[in-house]
Amino acid sequence: MSDPASEQTGDGGAGTDTTAAGEPVRPPGGAHDPLPASARVEVPEALQGFRAGFVCLVGRPNTGKSTLTNALVGTKVAITSGRPQTTRHNVRGVVHREGAQLVLVDTPGLHRPRTLLGRRLNDLVRETLADVDVIAFCLPANERIGPGDRYIARDLAGLRAPVVAVVTKTDTVSRQALAAQLLAVDALGDWADIVPVSAVRGEQVGVLTDVLVSHLPPSPPLYPTGEVTDEPVEVMVAELVREAALEGVRDELPHSLAVVVDEIVDPRSARERGSRVKGSGNRLQVRVSLVVERDSQKAIVIGRGGARLKEVGVRARAGIERLLGRRVYLDLHVRTARDWQSDPRALARLGF
């Protein structure tokens with residue numbers, strides 16, 4: 001950050017070794033020869049009947065959208081936390097099925113914004129809703145339908161895409177409570193389908209996939225086979241660090257914490273340039289800034305004697321090494337950028 005009030009650097013426990021389609025082709029005979037009306041683009045037999053499209057997961061904060069996204073994809077593509085408003089950008093996850101491909105878009109929770117960041121996140125969700133093929137409206141089984149849910153339901157009623165109401169966290173309530181919630185959700189709007197799921201237990205996840213696929217348009221695959229996300233590496237690294245930093249902190253901190261990857265450097269190229277390489281071996285040098293709004297929050301992230309920052313580094317580094325497939329030296333810096341959530345210039349520097 002160019003305007004930090006103060007800075008603290010630490011290796012976050014990273015100093016120890018660990019393991020690591022196009023236009024139709026016209027027939028010859030001149031540019032002005034008309035294309036016969038009967039001509040059609042031939043679709044390979046293997047793709048006939050194939051369905052593909054974008055499905056947006058929407059709902060209030062902390063309704064289980066990210067956990068459900070990971071369960072549907074079958075691997076972790078979105079960070080999760082018990083704290084509300086964990087998701088701060090659209091996360092895409094790709095579900096591959098024989099004859100179908102779902103591109104899930106996990107969005108930030110719609111909420112009553114108190115900052116410029118909050119307003120921008122809400123705008124991002126609404127822009128996304130206008131461009132997808134199907135909407136999955138997530139409502140938790142363990143919370144009564146409230147004003148926020150009714151507000152979102154009214155917004156969704158005016159959209160062209162079919163809306164599937166997804167009752168999440170079914171593992172947290174009794175059968176009777178679930179039945180009552182399903183009736184309440186049914187009365188909330190005119191849904192294409194209603195599906196109860198438990199992403200934690202994997203219950204009804206396959207059923208939900210089938211339902212979402214049934215609402216997709218005919219289309220060839222949108223992503224290569226085997227690709228599960230198009231998230232840039234730097235974004236995924238930053239999210240893994242933020243997820244680790246959100247564990248066990250005070251309620252105020254999640255909203256005030258941003259994480260940015262400053263650089264990822266291969267030590268071999270760094271040595272060739274004469275740059276400093278930290279740690280032993282040829283570990284990938286990953287340098288990350290954790291940005292908070294006040295010095296008191298910086299102290300929370302660092303902890304007494306740097307103990308908490310070290311815990312964050314150890315936890316995050318394990319996930320980063322799994323993501324990158326090699327050993328990593330994680331270099332963490334904690335910086336203060338006062339009231340960055342309401343500062344347009346700071347938001348731009350942080351990618352919002």
# chains A, B, ... in the order shown; residues from 1 in each chain; ligands from 1
$ residues_around --residues "Val195 of chain A" --least-positions-apart "2" --cutoff "8 Å" --atoms "only C-alpha atoms" --output "PyMOL selection string"
chain A and resi 164-167+193+197+204+207-208
$ select_by_dssp --residues "segment 54-223 of chain A" --states "strand (DSSP E or B)" --output "JSON, numbers by chain"
{"A": [54, 55, 56, 57, 58, 91, 92, 93, 94, 95, 96, 97, 100, 101, 102, 103, 104, 105, 106, 134, 135, 136, 137, 138, 139, 140, 163, 164, 165, 166, 167, 168, 193, 194, 195, 196, 198, 203, 218]}
$ closest_residue --among "A:Asp210, A:Asp133, A:Glu239, A:Glu293" --to "Val55 of chain A" --atoms "only C-alpha atoms"
A:Asp133
$ select_by_dssp --residues "segment 216-322 of chain A" --states "helix (DSSP H, G or I)" --output "ChimeraX atom specification"
/A:233-246,253-256,267-272,295-302,304-322
$ residues_around --residues "Asn70 of chain A" --least-positions-apart "4" --cutoff "10 Å" --atoms "only C-alpha atoms" --output "NGL selection string"
:A and (65-66 or 74-80 or 93-95 or 104 or 106 or 199-200)
$ write_last_selection --atoms "C-alpha atoms" --output "PDB file, in the first residue's frame"
ATOM      1  CA  LYS A  65     -23.236 -20.331  -0.668  1.00  0.00           C
ATOM      2  CA  SER A  66     -19.476 -20.930  -0.682  1.00  0.00           C
ATOM      3  CA  GLY A  74     -16.222 -31.515  -5.601  1.00  0.00           C
ATOM      4  CA  THR A  75     -13.175 -29.526  -4.511  1.00  0.00           C
ATOM      5  CA  LYS A  76     -12.391 -26.254  -2.809  1.00  0.00           C
ATOM      6  CA  VAL A  77     -12.669 -23.214  -5.084  1.00  0.00           C
ATOM      7  CA  ALA A  78     -14.146 -20.721  -2.584  1.00  0.00           C
ATOM      8  CA  ILE A  79     -13.008 -19.915   0.945  1.00  0.00           C
ATOM      9  CA  THR A  80     -15.448 -20.502   3.771  1.00  0.00           C
ATOM     10  CA  GLY A  93     -16.546 -23.166 -10.064  1.00  0.00           C
ATOM     11  CA  VAL A  94     -17.138 -25.637 -12.899  1.00  0.00           C
ATOM     12  CA  VAL A  95     -19.187 -28.825 -12.473  1.00  0.00           C
ATOM     13  CA  LEU A 104     -21.342 -21.840 -10.727  1.00  0.00           C
ATOM     14  CA  ASP A 106     -20.642 -17.785  -5.968  1.00  0.00           C
ATOM     15  CA  ALA A 199     -23.353 -29.344   1.694  1.00  0.00           C
ATOM     16  CA  VAL A 200     -21.475 -30.453   4.812  1.00  0.00           C
TER      17      VAL A 200
END
$ closest_residue --among "A:Val288, A:Pro267, A:Ala244, A:Gly189" --to "Ala318 of chain A" --atoms "only C-alpha atoms"
A:Ala244
$ residues_around --residues "Glu321 of chain A" --least-positions-apart "3" --cutoff "12 Å" --atoms "only C-alpha atoms" --output "number ranges by chain"
A: 14, 17-20, 233, 236-237, 240-241, 283-286, 313-318, 324-330
$ residues_around --residues "Thr209 of chain A" --least-positions-apart "4" --cutoff "8 Å" --atoms "only C-alpha atoms" --output "ChimeraX atom specification"
/A:72,205,213
$ write_last_selection --atoms "N, CA, C and O atoms" --output "PDB file, in the first residue's frame"
ATOM      1  N   LEU A  72     -20.654 -28.797  -4.676  1.00  0.00           N
ATOM      2  CA  LEU A  72     -21.113 -29.070  -6.031  1.00  0.00           C
ATOM      3  C   LEU A  72     -19.943 -29.336  -6.977  1.00  0.00           C
ATOM      4  O   LEU A  72     -19.987 -30.245  -7.804  1.00  0.00           O
ATOM      5  N   VAL A 205     -26.898 -33.060  -2.769  1.00  0.00           N
ATOM      6  CA  VAL A 205     -26.049 -32.260  -3.651  1.00  0.00           C
ATOM      7  C   VAL A 205     -26.184 -32.727  -5.099  1.00  0.00           C
ATOM      8  O   VAL A 205     -26.290 -31.920  -6.028  1.00  0.00           O
ATOM      9  N   VAL A 213     -29.107 -28.480 -13.821  1.00  0.00           N
ATOM     10  CA  VAL A 213     -28.829 -28.858 -15.211  1.00  0.00           C
ATOM     11  C   VAL A 213     -30.106 -28.841 -16.038  1.00  0.00           C
ATOM     12  O   VAL A 213     -30.111 -28.430 -17.209  1.00  0.00           O
TER      13      VAL A 213
END
$ residues_around --residues "segment 297-299 of chain A" --least-positions-apart "4" --cutoff "8 Å" --atoms "only C-alpha atoms" --output "PDB file with N, CA, C and O atoms, in the first residue's frame"
ATOM      1  N   LEU A 253     -13.274  -7.504  12.794  1.00  0.00           N
ATOM      2  CA  LEU A 253     -12.132  -7.627  11.900  1.00  0.00           C
ATOM      3  C   LEU A 253     -12.466  -8.142  10.507  1.00  0.00           C
ATOM      4  O   LEU A 253     -11.898  -7.642   9.516  1.00  0.00           O
ATOM      5  N   VAL A 292      -5.499  -3.750   7.126  1.00  0.00           N
ATOM      6  CA  VAL A 292      -6.565  -3.460   8.078  1.00  0.00           C
ATOM      7  C   VAL A 292      -6.777  -1.951   8.128  1.00  0.00           C
ATOM      8  O   VAL A 292      -6.035  -1.182   7.514  1.00  0.00           O
ATOM      9  N   GLU A 293      -7.814  -1.521   8.880  1.00  0.00           N
ATOM     10  CA  GLU A 293      -8.169  -0.101   8.906  1.00  0.00           C
ATOM     11  C   GLU A 293      -7.594   0.661  10.093  1.00  0.00           C
ATOM     12  O   GLU A 293      -7.479   1.883  10.038  1.00  0.00           O
ATOM     13  N   GLY A 303      -0.912 -10.545  16.884  1.00  0.00           N
ATOM     14  CA  GLY A 303      -0.896 -11.297  18.134  1.00  0.00           C
ATOM     15  C   GLY A 303       0.323 -10.991  18.979  1.00  0.00           C
ATOM     16  O   GLY A 303       1.261 -10.315  18.534  1.00  0.00           O
ATOM     17  N   ARG A 304       0.312 -11.493  20.190  1.00  0.00           N
ATOM     18  CA  ARG A 304       1.412 -11.218  21.112  1.00  0.00           C
ATOM     19  C   ARG A 304       2.699 -11.860  20.611  1.00  0.00           C
ATOM     20  O   ARG A 304       2.755 -13.063  20.372  1.00  0.00           O
ATOM     21  N   VAL A 334       1.677  -7.009   7.577  1.00  0.00           N
ATOM     22  CA  VAL A 334       0.414  -6.430   8.037  1.00  0.00           C
ATOM     23  C   VAL A 334       0.525  -4.920   7.954  1.00  0.00           C
ATOM     24  O   VAL A 334       1.452  -4.330   8.507  1.00  0.00           O
ATOM     25  N   ARG A 335      -0.428  -4.298   7.243  1.00  0.00           N
ATOM     26  CA  ARG A 335      -0.365  -2.852   7.017  1.00  0.00           C
ATOM     27  C   ARG A 335      -1.697  -2.200   7.368  1.00  0.00           C
ATOM     28  O   ARG A 335      -2.740  -2.831   7.305  1.00  0.00           O
ATOM     29  N   THR A 336      -1.639  -0.914   7.697  1.00  0.00           N
ATOM     30  CA  THR A 336      -2.830  -0.143   8.016  1.00  0.00           C
ATOM     31  C   THR A 336      -3.130   0.851   6.907  1.00  0.00           C
ATOM     32  O   THR A 336      -2.258   1.598   6.496  1.00  0.00           O
TER      33      THR A 336
END
$ atom_distance --atom1 "atom CA of Gly306 of chain A" --atom2 "atom CA of Asp343 of chain A"
28.6 Å
$ residues_around --residues "Phe54 of chain A" --least-positions-apart "5" --cutoff "12 Å" --atoms "only C-alpha atoms" --output "compact mmCIF listing (two decimals) with C-alpha atoms, in the first residue's frame"
# COMPACT_ATOMS: atom_id res chain seq x y z
CA VAL A 91 -15.95 -17.04 -7.60
CA ARG A 92 -16.50 -19.41 -10.51
CA GLY A 93 -16.55 -23.17 -10.06
CA VAL A 94 -17.14 -25.64 -12.90
CA VAL A 95 -19.19 -28.83 -12.47
CA ALA A 100 -23.73 -31.12 -19.14
CA GLN A 101 -21.53 -28.46 -17.63
CA LEU A 102 -22.53 -26.10 -14.81
CA VAL A 103 -20.54 -22.93 -14.27
CA LEU A 104 -21.34 -21.84 -10.73
CA VAL A 105 -20.90 -18.20 -9.74
CA ASP A 106 -20.64 -17.78 -5.97
CA THR A 128 -24.21 -10.87 -12.24
CA LEU A 129 -27.87 -11.82 -11.80
CA ALA A 130 -28.74 -10.10 -15.08
CA ASP A 131 -26.31 -12.26 -17.09
CA VAL A 132 -26.79 -15.85 -15.87
CA ASP A 133 -28.96 -18.72 -17.09
CA VAL A 134 -30.19 -19.98 -13.72
CA ILE A 135 -30.30 -18.52 -10.19
CA ALA A 136 -29.92 -20.58 -7.02
CA ALA A 161 -33.76 -16.52 -15.41
CA PRO A 162 -35.49 -19.39 -13.58
CA LEU A 212 -29.91 -27.00 -12.04
CA VAL A 213 -28.83 -28.86 -15.21
CA HIS A 215 -32.86 -25.54 -16.43
CA LEU A 216 -29.73 -24.96 -18.54
CA PRO A 217 -29.97 -24.14 -22.27
CA SER A 219 -24.87 -25.38 -25.41
CA PRO A 221 -19.06 -26.95 -23.03
CA LEU A 222 -17.87 -23.55 -21.87
CA TYR A 223 -14.71 -24.75 -20.14
$ atom_distance --atom1 "atom CA of Leu188 of chain A" --atom2 "atom CA of Asp149 of chain A"
8.6 Å
